[in-house]
Structure formats: structure tokens, C-alpha cells
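Following: one structure in C-alpha cells, then a few remarks.
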Amino acid sequence: MLIATRKLDGSGNNPTLSVEDETELTIEGMLTFLDPPKESAGKAIAALRDNGVAVKVLTGDNPVVTARICLEVGIDTHDILTGTQVEAMSGWPNWRSEVEKRAVFARLTPLQKTRILQALQKKWSYRWFSWGWDQRRARAS
């Protein structure tokens, strides 16, 4: 996230701002956030896999960030599918098999998560783990 400023004309009390006011800004700094996985996550995922559980990641996050976190916990990231790609292949007759063979899905909307879960549900049962507040729609499926 960039932090930028610009001096505005007027008293500063309840100014009316517009998109035009977002020009000629001076960048003051940048904030970054990191939410690393727990140290035990990799071992837990390996234990699930050792017990025949397929671990899949469905997230709205950026594919690059998603790949980094997945690599840290031992999840294969060789073929990440994004929400845009999900939309493009939705009409394919083999759409479900494409979804089944992928482990990581990134930049998904809640509706896309629902569609993927419904496709997976035809072959497998699943359990849901989520830390996001926006997952209610996908969970309701």
C-alpha cells in the first residue's frame, strides 16, 4: 500500500474530494503486510497427504502470494488456476476433471469458489477451513 499526500486548497474542514484530487501526489512511503503460515502447517499438510487426503487451496489472494505460501507449507504450485481461467473453462466438457487435478486456485470470487467446491463434491467429500470473513457465500453451497 502506498502512502501519498497532496496539499489541498481550502480550510480542510470537510473538504469535498474527487478523483481529480488524486493526481500530483507525493509518495511518502509504502506499507507491506506479511502473514506467514504457522510453523506446524507444513507438517499438518504432509500428515493429511500421508493419510490419503487431497489438500486444495481456494483463495481470493494474488497467485504470486498464494504460490509463495503454498511452497512454504509443501503444496505443489506447478499449475495454479486463477479465477479468470476458471471462468474461461467453465463451458468445457472436461471442466470438472481440470478442477480435480489442480491443487491451488487463486484470485477467486466467492461464487467461483462455490462452483469449484460443487465440482469437487461430485467425486469427493470435503471439509472447509477458512480464516476469511468473505467465505460465507462459498460455504453455504
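By convention in this document, the chains of the C-alpha cells carry letters A, B, ... by their order, each chain's residues are numbered from 1, and ligands are numbered from 1 in the order they are shown.
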
request  = Would you mind writing down, as a ChimeraX atom specification, each residue of chain A that DSSP on the backbone assigns to helix (DSSP H, G or I)?
outcome  = /A:19-22,41-50,63-72,83-89,95-101,110-121,133-139

query = Counting only C-alpha atoms, what is within 12 Å of Lys38 of chain A, bar same-chain residues fewer than 6 positions away, as number ranges by chain?
reply = A: 44-45, 69, 72-73

Go ahead and save the picked residues with N, CA and C atoms, as a PDB file, in the first residue's frame.
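This went into part_27.pdb:
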```pdb
ATOM      1  N   ALA A  44       1.413 -30.592   9.210  1.00  0.00           N
ATOM      2  CA  ALA A  44      -0.007 -30.968   9.202  1.00  0.00           C
ATOM      3  C   ALA A  44      -0.459 -31.338   7.790  1.00  0.00           C
ATOM      4  N   ILE A  45      -0.034 -30.570   6.811  1.00  0.00           N
ATOM      5  CA  ILE A  45      -0.406 -30.854   5.424  1.00  0.00           C
ATOM      6  C   ILE A  45       0.225 -32.167   4.962  1.00  0.00           C
ATOM      7  N   ILE A  69       3.214 -18.890  -0.300  1.00  0.00           N
ATOM      8  CA  ILE A  69       2.731 -19.511   0.935  1.00  0.00           C
ATOM      9  C   ILE A  69       2.601 -21.025   0.749  1.00  0.00           C
ATOM     10  N   GLU A  72       5.877 -22.761   0.916  1.00  0.00           N
ATOM     11  CA  GLU A  72       6.382 -22.809   2.290  1.00  0.00           C
ATOM     12  C   GLU A  72       5.803 -23.977   3.079  1.00  0.00           C
ATOM     13  N   VAL A  73       4.591 -24.398   2.746  1.00  0.00           N
ATOM     14  CA  VAL A  73       3.945 -25.477   3.509  1.00  0.00           C
ATOM     15  C   VAL A  73       3.892 -26.790   2.733  1.00  0.00           C
TER      16      VAL A  73
END
```

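In this model, the gap between atom CA of Lys43 of chain A and atom CA of Gln112 of chain A comes to 28.8 Å.
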
query = With only C-alpha atoms as the basis for distance, which of A:Ile80, A:Asn62, A:Asp21, A:Thr26 is at the shortest distance from Asp9 of chain A?
reply = A:Asp21

task = Would you mind reading off the distance between atom CA of Arg6 of chain A and atom CA of Leu25 of chain A, one decimal, in Å?
result = 5.1 Å

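Taking only C-alpha atoms, the non-local environment of Ala41 of chain A within 12 Å (same-chain residues fewer than 6 positions away omitted) comprises Ala47, Leu48, Val55, Ile69, Cys70, Leu71, Glu72, Val73, Gly74 and Ile75 of chain A.
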
Take the residues that were just selected and, keeping N, CA and C atoms, output them as a PDB file, in the first residue's frame.
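Saved the output as again-v3.pdb:
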```pdb
ATOM      1  N   ALA A  47       0.968 -34.685   6.877  1.00  0.00           N
ATOM      2  CA  ALA A  47       0.236 -35.761   7.563  1.00  0.00           C
ATOM      3  C   ALA A  47      -1.091 -36.042   6.869  1.00  0.00           C
ATOM      4  N   LEU A  48      -1.781 -34.998   6.442  1.00  0.00           N
ATOM      5  CA  LEU A  48      -3.034 -35.193   5.707  1.00  0.00           C
ATOM      6  C   LEU A  48      -2.772 -35.977   4.423  1.00  0.00           C
ATOM      7  N   VAL A  55      -5.161 -32.095  -0.444  1.00  0.00           N
ATOM      8  CA  VAL A  55      -5.247 -30.733   0.082  1.00  0.00           C
ATOM      9  C   VAL A  55      -5.323 -29.780  -1.096  1.00  0.00           C
ATOM     10  N   ILE A  69       3.214 -18.890  -0.300  1.00  0.00           N
ATOM     11  CA  ILE A  69       2.731 -19.511   0.935  1.00  0.00           C
ATOM     12  C   ILE A  69       2.601 -21.025   0.749  1.00  0.00           C
ATOM     13  N   CYS A  70       2.051 -21.434  -0.383  1.00  0.00           N
ATOM     14  CA  CYS A  70       1.888 -22.876  -0.639  1.00  0.00           C
ATOM     15  C   CYS A  70       3.234 -23.593  -0.674  1.00  0.00           C
ATOM     16  N   LEU A  71       4.215 -22.995  -1.300  1.00  0.00           N
ATOM     17  CA  LEU A  71       5.545 -23.608  -1.335  1.00  0.00           C
ATOM     18  C   LEU A  71       6.121 -23.751   0.069  1.00  0.00           C
ATOM     19  N   GLU A  72       5.877 -22.761   0.916  1.00  0.00           N
ATOM     20  CA  GLU A  72       6.382 -22.809   2.290  1.00  0.00           C
ATOM     21  C   GLU A  72       5.803 -23.977   3.079  1.00  0.00           C
ATOM     22  N   VAL A  73       4.591 -24.398   2.746  1.00  0.00           N
ATOM     23  CA  VAL A  73       3.945 -25.477   3.509  1.00  0.00           C
ATOM     24  C   VAL A  73       3.892 -26.790   2.733  1.00  0.00           C
ATOM     25  N   GLY A  74       4.574 -26.843   1.590  1.00  0.00           N
ATOM     26  CA  GLY A  74       4.699 -28.096   0.864  1.00  0.00           C
ATOM     27  C   GLY A  74       3.563 -28.451  -0.069  1.00  0.00           C
ATOM     28  N   ILE A  75       2.832 -27.460  -0.546  1.00  0.00           N
ATOM     29  CA  ILE A  75       1.750 -27.712  -1.503  1.00  0.00           C
ATOM     30  C   ILE A  75       2.265 -27.408  -2.907  1.00  0.00           C
TER      31      ILE A  75
END
```

ask   = Pick from A:His78, A:Met30, A:Arg107, A:Leu2: nearest to Val65 of chain A, with only C-alpha atoms counted?
value = A:Arg107

key: All residues 9 Å or closer to Leu108 of chain A, only C-alpha atoms, same chain fewer than 4 positions away omitted, as a list in words   = Leu58, Thr59, Gly60, Asp61, Thr82, Gly83, Thr84, Val86, Gln112 and Lys113 of chain A

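For the pair atom CA of Gly29 of chain A and atom CA of Thr5 of chain A, the separation is 9.9 Å.
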
Exercise: Ile116 of chain A partners within 12 Å, only C-alpha atoms, chain neighbours under 6 positions left out, as a ChimeraX atom specification = /A:56-59,81-83,86-87,89-90,95-106,108-110,122-124,126,138-139,141

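These are the residues of chain A assigned strand (DSSP E) by DSSP from backbone coordinates: A:Leu2, A:Ile3, A:Ala4, A:Thr5, A:Thr26, A:Ile27, A:Glu28, A:Gly29, A:Met30, A:Val57, A:Leu58, A:Leu81, A:Thr82, A:Val104, A:Phe105, A:Ala106.
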
Write a file of the just-selected residues containing N, CA and C atoms, as a PDB file, in the first residue's frame.
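Wrote result-v1.pdb, looks like this:
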```pdb
ATOM      1  N   LEU A   2       0.648   2.149  -0.903  1.00  0.00           N
ATOM      2  CA  LEU A   2       1.407   3.398  -0.943  1.00  0.00           C
ATOM      3  C   LEU A   2       0.718   4.462  -0.106  1.00  0.00           C
ATOM      4  N   ILE A   3       1.515   5.259   0.551  1.00  0.00           N
ATOM      5  CA  ILE A   3       1.017   6.410   1.297  1.00  0.00           C
ATOM      6  C   ILE A   3       1.462   7.646   0.519  1.00  0.00           C
ATOM      7  N   ALA A   4       0.501   8.494   0.151  1.00  0.00           N
ATOM      8  CA  ALA A   4       0.821   9.680  -0.639  1.00  0.00           C
ATOM      9  C   ALA A   4       0.036  10.875  -0.110  1.00  0.00           C
ATOM     10  N   THR A   5       0.592  12.055  -0.319  1.00  0.00           N
ATOM     11  CA  THR A   5      -0.057  13.279   0.156  1.00  0.00           C
ATOM     12  C   THR A   5      -0.115  14.309  -0.965  1.00  0.00           C
ATOM     13  N   THR A  26       2.460  13.209  -3.758  1.00  0.00           N
ATOM     14  CA  THR A  26       3.836  12.926  -3.373  1.00  0.00           C
ATOM     15  C   THR A  26       3.842  11.628  -2.580  1.00  0.00           C
ATOM     16  N   ILE A  27       4.590  10.653  -3.068  1.00  0.00           N
ATOM     17  CA  ILE A  27       4.666   9.376  -2.358  1.00  0.00           C
ATOM     18  C   ILE A  27       5.510   9.570  -1.105  1.00  0.00           C
ATOM     19  N   GLU A  28       4.924   9.250   0.031  1.00  0.00           N
ATOM     20  CA  GLU A  28       5.585   9.413   1.326  1.00  0.00           C
ATOM     21  C   GLU A  28       6.161   8.104   1.843  1.00  0.00           C
ATOM     22  N   GLY A  29       5.573   6.997   1.433  1.00  0.00           N
ATOM     23  CA  GLY A  29       6.064   5.715   1.932  1.00  0.00           C
ATOM     24  C   GLY A  29       5.226   4.566   1.420  1.00  0.00           C
ATOM     25  N   MET A  30       5.589   3.370   1.884  1.00  0.00           N
ATOM     26  CA  MET A  30       4.883   2.176   1.456  1.00  0.00           C
ATOM     27  C   MET A  30       4.755   1.235   2.650  1.00  0.00           C
ATOM     28  N   VAL A  57      -6.178 -25.583  -2.172  1.00  0.00           N
ATOM     29  CA  VAL A  57      -6.239 -24.215  -1.674  1.00  0.00           C
ATOM     30  C   VAL A  57      -7.093 -23.406  -2.635  1.00  0.00           C
ATOM     31  N   LEU A  58      -8.155 -22.788  -2.112  1.00  0.00           N
ATOM     32  CA  LEU A  58      -9.015 -21.894  -2.883  1.00  0.00           C
ATOM     33  C   LEU A  58      -8.964 -20.546  -2.191  1.00  0.00           C
ATOM     34  N   LEU A  81      -4.515 -22.363 -10.903  1.00  0.00           N
ATOM     35  CA  LEU A  81      -5.627 -21.933 -11.749  1.00  0.00           C
ATOM     36  C   LEU A  81      -6.212 -20.663 -11.138  1.00  0.00           C
ATOM     37  N   THR A  82      -6.351 -19.610 -11.943  1.00  0.00           N
ATOM     38  CA  THR A  82      -6.900 -18.348 -11.446  1.00  0.00           C
ATOM     39  C   THR A  82      -8.395 -18.247 -11.750  1.00  0.00           C
ATOM     40  N   VAL A 104      -4.137 -25.804  -6.406  1.00  0.00           N
ATOM     41  CA  VAL A 104      -4.179 -24.414  -5.950  1.00  0.00           C
ATOM     42  C   VAL A 104      -4.983 -23.565  -6.928  1.00  0.00           C
ATOM     43  N   PHE A 105      -5.894 -22.774  -6.360  1.00  0.00           N
ATOM     44  CA  PHE A 105      -6.746 -21.859  -7.118  1.00  0.00           C
ATOM     45  C   PHE A 105      -6.609 -20.482  -6.472  1.00  0.00           C
ATOM     46  N   ALA A 106      -6.312 -19.470  -7.266  1.00  0.00           N
ATOM     47  CA  ALA A 106      -6.077 -18.137  -6.712  1.00  0.00           C
ATOM     48  C   ALA A 106      -6.914 -17.086  -7.433  1.00  0.00           C
TER      49      ALA A 106
END
```

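With distances restricted to only C-alpha atoms, A:Asp76 is the closest residue to Ala54 of chain A from A:Asp76, A:Leu17, A:Glu22, A:Ala88.
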